[in-house]
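> Sharing data-v8.txt below, compact mmCIF, C-alpha atoms:
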# COMPACT_ATOMS: atom_id res chain seq x y z
CA MET A 1 -16.41 17.19 17.43
CA ASN A 2 -18.24 19.37 19.95
CA ARG A 3 -19.20 22.89 18.75
CA PRO A 4 -20.53 24.68 21.89
CA ASP A 5 -20.99 28.04 20.15
CA ARG A 6 -23.49 26.68 17.60
CA ALA A 7 -27.15 27.50 18.07
CA ARG A 8 -28.94 24.15 18.31
CA THR A 9 -32.49 23.21 17.46
CA GLY A 10 -34.40 20.02 18.13
CA PRO A 11 -34.58 17.16 15.67
CA ALA A 12 -36.99 17.39 12.75
CA ARG A 13 -40.55 16.33 13.61
CA PRO A 14 -41.64 12.97 12.15
CA GLY A 15 -44.39 14.72 10.21
CA SER A 16 -42.07 17.23 8.48
CA ARG A 17 -42.75 17.73 4.80
CA SER A 18 -40.60 15.76 2.36
CA GLY A 19 -38.87 17.61 -0.45
CA SER A 20 -40.70 15.51 -3.03
CA LEU A 21 -44.16 16.95 -2.19
CA PRO A 22 -45.78 19.58 -4.46
CA GLY A 23 -44.94 23.17 -3.60
CA HIS A 24 -41.76 22.32 -1.72
CA ASP A 25 -38.81 24.69 -1.40
CA ASP A 26 -36.56 23.68 -4.29
CA HIS A 27 -33.45 24.45 -2.23
CA ARG A 28 -34.47 22.57 0.92
CA ARG A 29 -35.60 18.96 1.12
CA THR A 30 -36.31 17.02 4.30
CA PHE A 31 -36.53 13.23 4.16
CA PRO A 32 -38.15 11.20 6.94
CA ALA A 33 -35.91 8.82 8.84
CA LEU A 34 -34.97 5.87 6.64
CA GLU A 35 -35.60 2.32 7.67
CA PRO A 36 -32.65 0.62 9.42
CA LEU A 37 -29.93 -0.31 6.94
CA GLY A 38 -30.08 -4.02 7.72
CA GLY A 39 -27.53 -6.38 6.16
CA GLU A 40 -27.43 -4.91 2.64
CA GLU A 41 -24.65 -2.77 1.21
CA ALA A 42 -24.52 0.92 2.19
CA ALA A 43 -24.96 1.95 -1.46
CA ALA A 44 -26.34 0.32 -4.61
CA THR A 45 -25.53 2.81 -7.39
CA TRP A 46 -22.09 3.78 -8.63
CA TRP A 47 -22.57 7.37 -7.44
CA GLY A 48 -23.70 6.13 -4.03
CA HIS A 49 -20.50 4.06 -3.83
CA ALA A 50 -18.48 7.16 -4.79
CA TRP A 51 -20.07 9.02 -1.86
CA VAL A 52 -19.22 6.20 0.56
CA ASP A 53 -15.65 6.02 -0.83
CA ALA A 54 -15.17 9.75 -0.15
CA LEU A 55 -16.24 9.14 3.48
CA GLU A 56 -14.03 6.10 3.98
CA ASP A 57 -10.98 7.67 2.31
CA MET A 58 -11.06 10.67 4.66
CA ALA A 59 -11.54 8.54 7.81
CA LEU A 60 -8.60 8.39 10.21
CA ASP A 61 -10.13 5.64 12.37
CA GLN A 62 -11.71 2.55 10.81
CA ALA A 63 -13.32 1.65 14.16
CA ARG A 64 -15.45 4.80 14.06
CA LEU A 65 -16.61 3.89 10.56
CA LEU A 66 -17.73 0.48 11.83
CA ARG A 67 -19.63 2.14 14.71
CA GLY A 68 -21.21 4.57 12.27
CA ARG A 69 -22.33 1.72 10.00
CA ALA A 70 -23.81 -0.01 13.04
CA TYR A 71 -25.73 3.19 13.94
CA ALA A 72 -27.06 3.37 10.38
CA ARG A 73 -28.06 -0.30 10.49
CA GLY A 74 -29.82 0.31 13.81
CA GLY A 75 -31.91 3.26 12.58
CA ASN A 76 -30.21 5.85 14.80
CA VAL A 77 -30.35 8.59 12.14
CA ALA A 78 -33.45 10.81 12.30
CA ALA A 79 -34.91 12.90 9.44
CA ILE A 80 -32.29 14.21 7.00
CA THR A 81 -32.42 17.78 5.64
CA VAL A 82 -30.49 18.65 2.47
CA THR A 83 -29.73 22.22 1.40
CA PRO A 84 -27.04 23.57 -0.97
CA GLY A 85 -23.66 22.63 0.47
CA ARG A 86 -25.05 20.89 3.58
CA VAL A 87 -26.63 17.64 4.84
CA LEU A 88 -28.08 17.82 8.38
CA ALA A 89 -29.65 15.27 10.73
CA TYR A 90 -29.97 14.41 14.40
CA VAL A 91 -28.25 11.12 15.27
CA HIS A 92 -29.05 9.16 18.42
CA GLY A 93 -25.97 7.92 20.26
CA SER A 94 -25.33 6.53 23.71
CA ARG A 95 -26.90 9.53 25.48
CA PRO A 96 -30.64 10.40 25.65
CA ARG A 97 -30.25 13.67 23.71
CA PRO A 98 -29.42 13.21 20.01
CA TYR A 99 -26.46 14.98 18.44
CA ARG A 100 -26.75 17.63 15.73
CA THR A 101 -24.68 16.21 12.88
CA GLU A 102 -23.91 17.72 9.49
CA ILE A 103 -21.75 17.25 6.42
CA ARG A 104 -20.70 20.23 4.31
CA LEU A 105 -19.30 20.27 0.78
CA ARG A 106 -18.56 22.88 -1.85
CA THR A 107 -21.33 24.08 -4.17
CA LEU A 108 -20.58 24.39 -7.88
CA THR A 109 -20.01 27.78 -9.46
CA ASP A 110 -22.26 29.20 -12.20
CA ASP A 111 -19.56 28.39 -14.78
CA GLU A 112 -19.40 24.78 -13.60
CA TRP A 113 -23.19 24.46 -13.80
CA ASP A 114 -23.03 25.93 -17.30
CA ASP A 115 -20.52 23.23 -18.29
CA PHE A 116 -22.76 20.55 -16.77
CA LEU A 117 -25.88 21.77 -18.59
CA ALA A 118 -23.98 22.01 -21.88
CA ALA A 119 -22.76 18.42 -21.51
CA ALA A 120 -26.26 17.18 -20.63
CA ALA A 121 -28.02 19.04 -23.47
CA ALA A 122 -25.47 17.84 -26.02
CA ARG A 123 -26.73 14.24 -25.75
CA PRO A 124 -30.40 13.19 -25.63
CA ASP A 125 -29.48 9.96 -23.81
CA HIS A 126 -28.02 12.03 -20.96
CA ILE A 127 -31.30 13.94 -20.60
CA ALA A 128 -33.28 10.67 -20.67
CA ALA A 129 -30.98 9.17 -18.02
CA LEU A 130 -31.47 12.16 -15.69
CA LEU A 131 -35.23 11.98 -16.06
CA ASP A 132 -34.97 8.27 -15.21
CA LYS A 133 -33.06 9.12 -11.99
CA ASP A 134 -29.75 7.89 -13.40
CA VAL A 135 -26.37 9.68 -13.62
CA PRO A 136 -24.19 8.73 -16.63
CA HIS A 137 -20.47 8.50 -15.89
CA GLY A 138 -19.60 10.93 -18.68
CA LEU A 139 -22.00 13.54 -17.36
CA ALA A 140 -20.64 13.33 -13.81
CA ALA A 141 -17.13 13.77 -15.22
CA ALA A 142 -18.09 17.06 -16.95
CA VAL A 143 -17.65 18.80 -13.57
CA ASP A 144 -16.48 17.70 -10.12
CA LEU A 145 -20.00 16.53 -9.25
CA LEU A 146 -19.03 13.62 -7.00
CA PRO A 147 -17.01 14.28 -3.86
CA ALA A 148 -13.33 13.36 -3.83
CA PRO A 149 -11.35 12.47 -0.68
CA GLY A 150 -11.18 15.64 1.41
CA ASP A 151 -14.29 17.30 -0.11
CA LEU A 152 -16.61 16.26 2.74
CA ILE A 153 -16.34 18.47 5.86
CA PRO A 154 -17.89 16.81 8.95
CA ASP A 155 -19.31 18.57 12.02
CA CYS A 156 -21.09 17.17 15.07
CA SER A 157 -22.18 18.43 18.49
CA CYS A 158 -20.81 15.29 20.19
CA PRO A 159 -17.61 15.45 22.30
CA ASP A 160 -15.85 12.85 20.11
CA ASP A 161 -12.83 14.37 18.33
CA GLY A 162 -12.63 11.60 15.71
CA TYR A 163 -12.40 12.55 12.06
CA PRO A 164 -15.12 11.79 11.34
CA CYS A 165 -17.01 10.72 14.44
CA LYS A 166 -19.38 7.74 14.34
CA HIS A 167 -22.45 10.02 14.12
CA VAL A 168 -21.15 11.70 10.95
CA ALA A 169 -20.28 8.27 9.52
CA ALA A 170 -23.84 7.06 10.20
CA LEU A 171 -25.29 10.14 8.48
CA CYS A 172 -22.99 9.56 5.47
CA TYR A 173 -24.07 5.94 5.09
CA GLN A 174 -27.76 6.90 5.23
CA THR A 175 -27.17 9.79 2.79
CA ALA A 176 -25.75 7.29 0.30
CA ARG A 177 -29.12 5.52 0.39
CA LEU A 178 -30.86 8.82 -0.39
CA LEU A 179 -28.55 9.30 -3.36
CA ASP A 180 -29.39 5.79 -4.59
CA GLN A 181 -33.11 6.66 -4.54
CA ASP A 182 -32.81 10.13 -6.09
CA PRO A 183 -29.56 11.50 -7.59
CA PHE A 184 -31.13 14.98 -7.65
CA VAL A 185 -30.28 15.05 -3.93
CA LEU A 186 -26.63 15.18 -5.04
CA PHE A 187 -27.39 18.08 -7.39
CA LEU A 188 -29.09 19.91 -4.50
CA MET A 189 -25.99 19.40 -2.34
CA ARG A 190 -23.97 21.00 -5.11
CA GLY A 191 -26.29 24.04 -5.27
CA ARG A 192 -29.20 23.44 -7.70
CA GLY A 193 -32.68 22.12 -6.91
CA GLU A 194 -34.46 19.59 -9.10
CA ARG A 195 -37.03 21.99 -10.60
CA GLU A 196 -34.41 24.69 -11.17
CA LEU A 197 -32.05 22.23 -12.85
CA LEU A 198 -34.69 20.64 -15.10
CA ALA A 199 -36.02 24.07 -16.13
CA ALA A 200 -32.52 25.25 -17.08
CA LEU A 201 -31.92 22.02 -18.96
CA ALA A 202 -35.23 22.41 -20.87
CA ARG A 203 -34.30 25.97 -21.88
CA ARG A 204 -30.84 24.86 -22.98
CA ASN A 205 -32.25 21.95 -24.99
CA ALA A 206 -34.88 24.17 -26.68
CA THR A 207 -32.26 26.73 -27.66
CA ARG A 208 -30.01 24.03 -29.05
CA SER A 209 -32.86 22.45 -31.07
CA ALA A 210 -33.86 25.83 -32.52
CA ALA A 211 -30.27 26.56 -33.54
CA GLU A 212 -29.97 23.16 -35.25
CA ARG A 213 -33.21 23.77 -37.19
CA THR A 214 -32.00 27.20 -38.31
CA THR A 215 -28.67 25.78 -39.46
CA THR A 216 -30.36 22.99 -41.42
CA ALA A 217 -32.74 25.41 -43.17
CA ALA A 218 -29.89 27.73 -44.15
CA ASP A 219 -27.71 25.00 -45.63
CA ALA A 220 -26.78 25.79 -49.23
CA PRO A 221 -26.29 23.10 -51.89
CA MET A 222 -22.92 21.40 -51.54
CA ALA A 223 -20.27 23.17 -53.59
CA THR A 224 -18.45 21.09 -56.25
CA VAL A 225 -14.83 21.19 -57.35
CA PRO A 226 -13.65 20.15 -60.83
CA ALA A 227 -11.46 17.05 -60.76
CA ARG A 228 -8.63 18.86 -62.60
CA ALA A 229 -8.58 21.59 -59.92
CA ALA A 230 -8.64 19.00 -57.14
CA VAL A 231 -5.49 17.23 -58.38
CA ALA A 232 -3.61 20.36 -59.50
CA GLU A 233 -0.36 21.05 -57.66
CA THR A 234 -0.74 23.88 -55.19
CA SER A 235 1.30 25.19 -52.32
CA ARG A 236 0.00 24.05 -48.99
CA PRO A 237 -0.34 26.57 -46.16
CA ALA A 238 1.82 26.19 -43.11
CA LEU A 239 0.45 24.08 -40.29
CA PRO A 240 -1.07 26.07 -37.43
CA PRO A 241 0.96 26.28 -34.23
CA PRO A 242 0.26 23.57 -31.67
CA PHE A 243 -2.13 24.27 -28.84
CA PRO A 244 -0.41 25.37 -25.61
CA ALA A 245 0.11 22.63 -23.06
CA PRO A 246 -2.23 22.72 -20.03
CA ASP A 247 -0.82 23.92 -16.72
CA ARG A 248 -1.25 20.50 -15.10
CA ALA A 249 -2.45 17.01 -15.84
CA GLY A 250 -6.19 16.39 -15.86
CA ARG A 251 -8.01 14.76 -12.98
CA PRO A 252 -9.33 11.24 -13.64
CA PRO A 253 -13.05 10.55 -13.16
CA SER A 254 -14.43 8.65 -10.20
CA TYR A 255 -14.72 4.93 -10.84
CA PRO A 256 -17.53 2.77 -9.43
CA GLN A 257 -17.05 -0.18 -7.12
CA ALA A 258 -18.98 -3.17 -8.40
CA PRO A 259 -18.68 -6.96 -8.05
CA GLY A 260 -16.28 -8.31 -10.67
CA ALA A 261 -15.10 -4.82 -11.69
CA PRO A 262 -11.46 -3.71 -11.38
CA ASP A 263 -10.45 -2.11 -8.09
CA PRO A 264 -11.42 1.63 -8.21
CA LEU A 265 -8.23 2.63 -6.36
CA ALA A 266 -6.08 0.81 -8.94
CA LEU A 267 -8.00 2.40 -11.82
CA ASP A 268 -7.71 5.86 -10.28
CA LEU A 269 -3.98 5.38 -9.68
CA LEU A 270 -3.33 4.13 -13.22
CA ALA A 271 -5.39 6.92 -14.79
CA GLY A 272 -3.72 9.60 -12.68
CA GLU A 273 -0.25 8.23 -13.44
CA ALA A 274 -0.99 8.04 -17.17
CA ALA A 275 -2.25 11.64 -17.19
CA ALA A 276 0.78 12.96 -15.27
CA ARG A 277 3.18 10.98 -17.46
CA ALA A 278 1.53 12.21 -20.67
CA HIS A 279 1.58 15.81 -19.44
CA THR A 280 5.30 15.65 -18.63
CA LEU A 281 6.04 14.09 -22.03
CA LEU A 282 3.99 16.80 -23.76
CA VAL A 283 5.74 19.65 -21.91
CA THR A 284 9.32 18.36 -21.80
CA GLY A 285 9.45 15.78 -24.59
CA ARG A 286 10.83 13.27 -22.08
CA ASP A 287 9.14 10.28 -20.46
CA PRO A 288 10.01 10.60 -16.74
CA VAL A 289 9.70 6.90 -15.88
CA ALA A 290 10.66 5.07 -19.07
CA HIS A 291 14.13 4.22 -17.70
CA LEU A 292 12.81 2.60 -14.49
CA THR A 293 12.60 -1.14 -13.93
CA GLN A 294 9.32 -2.73 -12.88
CA TRP A 295 10.46 -2.83 -9.24
CA GLN A 296 11.68 0.78 -9.27
CA ASP A 297 8.38 1.91 -10.76
CA ALA A 298 6.41 -0.03 -8.13
CA VAL A 299 8.45 1.65 -5.38
CA ARG A 300 7.92 5.05 -7.02
CA LEU A 301 4.14 4.52 -7.16
CA ALA A 302 3.97 3.45 -3.52
CA ALA A 303 6.23 6.32 -2.39
CA GLY A 304 4.08 8.88 -4.19
CA HIS A 305 0.83 7.66 -2.63
CA PRO A 306 -0.06 9.29 0.74
CA GLY A 307 -0.59 7.09 3.76
CA SER A 308 2.65 5.06 3.76
CA GLY A 309 0.64 1.83 3.82
CA LEU A 310 -1.24 2.79 7.01
CA THR A 311 -4.78 3.25 5.68
CA ALA A 312 -6.92 0.46 4.25
CA SER A 313 -6.57 1.76 0.70
CA THR A 314 -2.78 2.11 0.85
CA ARG A 315 -2.42 -1.28 2.55
CA THR A 316 -4.21 -2.77 -0.46
CA LEU A 317 -1.96 -0.79 -2.80
CA TYR A 318 1.22 -1.95 -1.03
CA ARG A 319 0.02 -5.56 -1.01
CA ASP A 320 -0.81 -5.59 -4.74
CA LEU A 321 2.37 -3.78 -5.82
CA ALA A 322 4.52 -6.08 -3.70
CA ALA A 323 2.80 -9.22 -5.06
CA ALA A 324 3.16 -8.04 -8.67
CA SER A 325 6.90 -7.47 -8.08
CA GLY A 326 7.52 -10.76 -6.28
CA ARG A 327 8.33 -8.99 -2.98
CA THR A 328 6.73 -8.75 0.45
CA PRO A 329 4.91 -5.64 1.75
CA THR A 330 7.76 -5.16 4.25
CA ASP A 331 10.29 -5.19 1.39
CA LEU A 332 8.20 -2.56 -0.37
CA ALA A 333 7.86 -0.40 2.75
CA ARG A 334 11.65 -0.46 3.29
CA ALA A 335 12.23 0.39 -0.38
CA VAL A 336 9.72 3.27 -0.13
CA ALA A 337 11.67 4.67 2.83
CA ALA A 338 14.85 4.55 0.72
CA TRP A 339 13.11 6.16 -2.28
CA ARG A 340 11.90 9.03 -0.13
CA GLN A 341 15.41 9.36 1.24
CA GLY A 342 17.04 9.86 -2.16
CA GLY A 343 15.17 8.38 -5.13
CA PRO A 344 16.70 5.71 -7.40
CA ALA A 345 20.21 6.31 -6.05
CA ALA A 346 19.06 5.63 -2.48
CA LEU A 347 17.19 2.49 -3.59
CA ALA A 348 20.40 1.22 -5.23
CA VAL A 349 22.29 1.86 -1.97
CA LEU A 350 19.68 -0.20 -0.09
CA GLU A 351 19.83 -3.19 -2.43
CA GLU A 352 23.30 -3.25 -4.06
CA PRO A 353 26.39 -3.60 -1.83
CA TRP A 354 29.64 -2.78 -3.67
CA ASP A 355 33.36 -2.31 -3.03
CA PRO A 356 34.31 1.38 -3.13
CA PRO A 357 37.85 2.42 -4.09
CA ALA A 358 40.30 3.84 -1.56
CA GLY A 359 39.65 7.45 -0.63
CA PRO A 360 36.49 8.93 0.92
CA PHE A 361 35.35 5.59 2.34
CA ASP A 362 38.66 5.07 4.21
CA ARG A 363 38.58 8.59 5.66
CA ALA A 364 35.08 8.17 7.08
CA ARG A 365 35.89 6.18 10.22
CA PRO A 366 38.53 8.62 11.56
CA ALA A 367 36.10 11.49 10.91
CA LEU A 368 33.33 9.72 12.86
CA ILE A 369 35.64 8.99 15.80
CA ALA A 370 36.73 12.64 15.85
CA ALA A 371 33.04 13.62 16.03
CA ASP A 372 32.57 11.40 19.14
CA PHE A 373 30.53 8.70 17.42
CA PRO A 374 31.06 5.11 18.65
CA PRO A 375 33.36 2.80 16.65
CA PHE A 376 32.05 1.50 13.32
CA ARG A 377 32.93 -1.79 11.63
CA PRO A 378 33.34 -1.81 7.80
CA TRP A 379 31.82 -4.24 5.32
CA ARG A 380 32.08 -3.45 1.62
CA ASN A 381 30.46 0.02 1.24
CA GLN A 382 28.90 -0.05 4.72
CA LEU A 383 29.98 1.18 8.17
CA ALA A 384 27.90 -0.17 11.09
CA SER A 385 28.09 0.61 14.80
CA LEU A 386 29.11 -2.28 17.01
CA PRO A 387 26.34 -4.31 18.69
CA GLN A 388 25.25 -3.02 22.10
CA PRO A 389 25.48 -5.18 25.24
CA PRO A 390 22.16 -6.67 26.38
CA GLY A 391 19.95 -3.93 27.75
CA GLY A 392 22.04 -1.15 26.16
CA GLY A 393 18.95 0.43 24.66
CA ALA A 394 20.64 2.68 22.10
CA PRO A 395 19.66 2.07 18.45
CA LEU A 396 22.26 0.73 16.04
CA LEU A 397 23.57 3.16 13.41
CA GLN A 398 24.89 2.50 9.93
CA LEU A 399 26.26 4.49 7.00
CA ARG A 400 26.25 3.29 3.39
CA PHE A 401 28.46 4.90 0.74
CA GLY A 402 26.68 5.36 -2.60
CA ARG A 403 28.16 5.33 -6.08
CA ASP A 404 27.10 8.98 -6.29
CA GLY A 405 29.63 9.91 -3.56
CA LEU A 406 26.98 10.49 -0.87
CA TRP A 407 26.60 8.82 2.51
CA TYR A 408 23.17 7.38 3.40
CA GLY A 409 22.13 6.85 7.02
CA TYR A 410 20.41 3.72 8.41
CA GLU A 411 19.10 2.77 11.84
CA SER A 412 18.10 -0.48 13.55
CA ASP A 413 16.66 -1.59 16.88
CA PRO A 414 19.40 -2.45 19.37
CA ASP A 415 18.47 -6.11 19.70
CA ARG A 416 18.61 -7.00 15.99
CA GLU A 417 20.10 -5.76 12.74
CA ASP A 418 17.03 -4.72 10.80
CA TRP A 419 18.26 -1.67 8.91
CA TRP A 420 15.90 1.09 7.72
CA PRO A 421 16.87 4.26 5.82
CA ARG A 422 16.97 7.41 7.96
CA GLY A 423 18.02 11.03 7.58
CA THR A 424 19.28 13.00 4.60
CA PRO A 425 22.10 11.91 2.24
CA ASP A 426 25.27 13.97 2.67
CA ALA A 427 28.77 14.06 1.16
CA ASP A 428 30.07 14.21 4.75
CA PRO A 429 29.55 11.02 6.80
CA VAL A 430 29.28 13.04 10.03
CA GLY A 431 26.57 15.21 8.45
CA ALA A 432 24.63 12.15 7.26
CA LEU A 433 24.58 10.68 10.78
CA THR A 434 23.87 14.00 12.49
CA SER A 435 20.75 14.50 10.30
CA PHE A 436 18.93 11.78 12.24
CA ALA A 437 21.12 10.55 15.13
CA GLY A 438 21.49 13.90 16.84
CA GLY A 439 25.27 13.55 17.02
Kindly present the structure from the file in structure tokens form.


Amino acid sequence: MNRPDRARTGPARPGSRSGSLPGHDDHRRTFPALEPLGGEEAAATWWGHAWVDALEDMALDQARLLRGRAYARGGNVAAITVTPGRVLAYVHGSRPRPYRTEIRLRTLTDDEWDDFLAAAAARPDHIAALLDKDVPHGLAAAVDLLPAPGDLIPDCSCPDDGYPCKHVAALCYQTARLLDQDPFVLFLMRGRGERELLAALARRNATRSAAERTTTAADAPMATVPARAAVAETSRPALPPPFPAPDRAGRPPSYPQAPGAPDPLALDLLAGEAAARAHTLLVTGRDPVAHLTQWQDAVRLAAGHPGSGLTASTRTLYRDLAAASGRTPTDLARAVAAWRQGGPAALAVLEEPWDPPAGPFDRARPALIAADFPPFRPWRNQLASLPQPPGGGAPLLQLRFGRDGLWYGYESDPDREDWWPRGTPDADPVGALTSFAGG
């Protein structure tokens, strides 16, 4: 993550002024180096956990995260400076000179801050919580206050090209501790200092209180209606037109990770699925997944989640979905490959052999021979290439004929028949094989 064109400065001096001192710059706070992390968790509050989750979800290498946590535990992170949209520190690594490390994230717009202040001023308990250095879940959900996966942009002067490198990971873990101690650090990252935010909130609250007092003073005595007029038959006005449907489903809030609480990834997945399903039903009047079986829906969920079971979060997802369906993670991974190949029809081809009638299936083998493919042996709706001699090296090929009239390609290692979906379905068997076998 080396950036040679960046102007570099030395690490902050140990005596630099903390942002909590009187007269400090409201848009720049410098915190002395924290004590080594020790054996405790990287975060204690739910918003601190959300910060750590955003780091760990963007990481492409779990080993670098472990090194970063070890650097944080060892006290390798020097003083941390927070300004709108940026967290900066010098991190000591294996070389004598520390590395200039920073994390950037988007600042909120004026309209987003207006929404946040309106939500905070609407409830006195929200104001009390902020003054007590607490962030209510409902208030954080009013705007995208907490970072989501992909919101954190790392940068470091080290030569490591990891994403993120261990120095950025160490800075993230120590920043989570700052957020635990003072959530106004998070607000500063998003663009507003503590004094600026509290002053705006005080003005908003005073205006709201004055408006409520004016409304109460102007209230007229409640109007009465004679009973005879209330029960008299009258024509009712037409119902107003329905509100227009939103352009897309809403984004679920961030969920905390706490002992004994449900898994945040599972909650986020369920909430996101429910929102998308409700939006489709509202717009089209049709439930897109009501016809699916439990197994088909589990495969659909896994296929729609990025990572293909490679990251820690998707490995957990695959494991839980497979266990709930009575299958193994390998079964689920194979089914996901079929689903991405052609949806429910491709999953049926993977799991349901059948006997096709005479016609297209019988004409497939002559067509493959004419296209210079090796001989294929038939079994029900499947055509498989003959096993290779020991040391042949070429992968085994297979075609499966679906009830929809399409051919689906499969491939296996040469030394065993372990078939996995490959290529694009095609009405022509030669085309289905050529899409992945290079025939």

> Using all atoms listed in the file for the distances, tell me which of A:Ala78, A:Ala142, A:Ala169, A:Leu108 is nearest to A:Gln62.

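Of A:Ala78, A:Ala142, A:Ala169, A:Leu108, the one nearest A:Gln62, counting all atoms listed in the file, is A:Ala169.
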
> Give me the residues within 9 Å of stretch 403-415 of chain A as JSON, numbers by chain, counting only C-alpha atoms and dropping any in the same chain fewer than 5 places off.

{"A": [341, 342, 345, 346, 348, 349, 354, 356, 360, 384, 387, 388, 389, 390, 391, 392, 393, 394, 395, 396, 397, 398, 420, 421, 422, 423, 424, 425, 426, 427, 428, 429, 431, 432, 433, 435, 436, 437]}

> Considering only C-alpha atoms, give me a table of residues in stretch 8-125 of chain A that are at most 10 Å from stretch 252-274 of chain A, with the closest atom pair and distance in Å for each, as a Markdown table.


| residue | atom | partner | partner_atom | distance |
| --- | --- | --- | --- | --- |
| A:Ala43 | CA | A:Gln257 | CA | 10.0 |
| A:Ala44 | CA | A:Ala258 | CA | 9.0 |
| A:Thr45 | CA | A:Pro256 | CA | 8.3 |
| A:Trp46 | CA | A:Pro256 | CA | 4.7 |
| A:Trp47 | CA | A:Pro256 | CA | 7.1 |
| A:Gly48 | CA | A:Pro256 | CA | 8.9 |
| A:His49 | CA | A:Gln257 | CA | 6.4 |
| A:Ala50 | CA | A:Pro256 | CA | 6.5 |
| A:Asp53 | CA | A:Gln257 | CA | 8.9 |

> Tell me which of A:Leu60, A:Leu88, A:Ala229, A:Leu301 sits closest to A:Val336, counting all atoms listed in the file.

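Looking only at the distances to A:Val336, the closest residue turns out to be A:Leu301.
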
> For A:Leu198, find every residue with an atom within 9 Å (counting all atoms listed in the file), except residues of its own chain fewer than 5 positions away, and show them as a list in words.

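With the cut-off at 9 Å, the set is Leu131, Gly193 and Arg203 of chain A.
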
> May I have a table of the residues of stretch 345-386 of chain A lying at most 9 Å from stretch 320-335 of chain A, giving each one's closest pair of atoms and their distance in Å to one decimal, counting all atoms listed in the file, ordered by chain and ascending residue number, as JSON lines?


{"residue": "A:Ala346", "atom": "CA", "partner": "A:Ala335", "partner_atom": "CA", "distance": 8.9}
{"residue": "A:Leu347", "atom": "CA", "partner": "A:Ala335", "partner_atom": "CA", "distance": 6.3}
{"residue": "A:Leu350", "atom": "CA", "partner": "A:Ala335", "partner_atom": "CA", "distance": 7.5}
{"residue": "A:Glu351", "atom": "CA", "partner": "A:Ala335", "partner_atom": "CA", "distance": 8.6}

> Produce a file of the selected residues containing C-alpha atoms, as a short mmCIF file (atom, residue, chain, number, x, y, z; two decimals), in the frame of the given file.


data_model
loop_
_atom_site.label_atom_id
_atom_site.label_comp_id
_atom_site.auth_asym_id
_atom_site.auth_seq_id
_atom_site.Cartn_x
_atom_site.Cartn_y
_atom_site.Cartn_z
CA ALA A 346 19.06 5.63 -2.48
CA LEU A 347 17.19 2.49 -3.59
CA LEU A 350 19.68 -0.20 -0.09
CA GLU A 351 19.83 -3.19 -2.43
#

> Would you kindly return, as a ChimeraX atom specification, each protein, DNA or RNA residue with an atom no farther than 12 Å from any atom of A:Leu34, considering all atoms listed in the file and excluding same-chain residues fewer than 3 positions away?

/A:14,30-31,37-38,72-80,89,170-171,173-178,181

> Around (-18.1, 20.1, -1.3) in the file's own coordinates, what residues are found within 6 Å if you use all atoms listed in the file, given back as a ChimeraX atom specification?

/A:105-107,151-152

> Between A:Arg28, A:Arg340, A:Arg64, A:Arg416, which has the minimum distance to A:Asp161 (counting all atoms listed in the file)?

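Closest to A:Asp161 of all the choices is A:Arg64.
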
> May I ask which of the residues A:Ala302, A:Met189, A:Leu197, A:Val225 is the closest one to A:Ile127, counting all atoms listed in the file?

A:Leu197

> Separation of atom CA of A:Arg69 and atom CA of A:Leu55, in Å?

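Separation of atom CA of A:Arg69 and atom CA of A:Leu55: 11.6 Å.
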
> Can you tell me which residues surround A:Phe376 at a distance of at most 7 Å, considering only C-alpha atoms, apart from same-chain residues fewer than 5 positions away, and format the answer as a list in words?

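With the cut-off at 7 Å, the set is Arg365, Leu383, Ala384, Ser385 and Leu386 of chain A.
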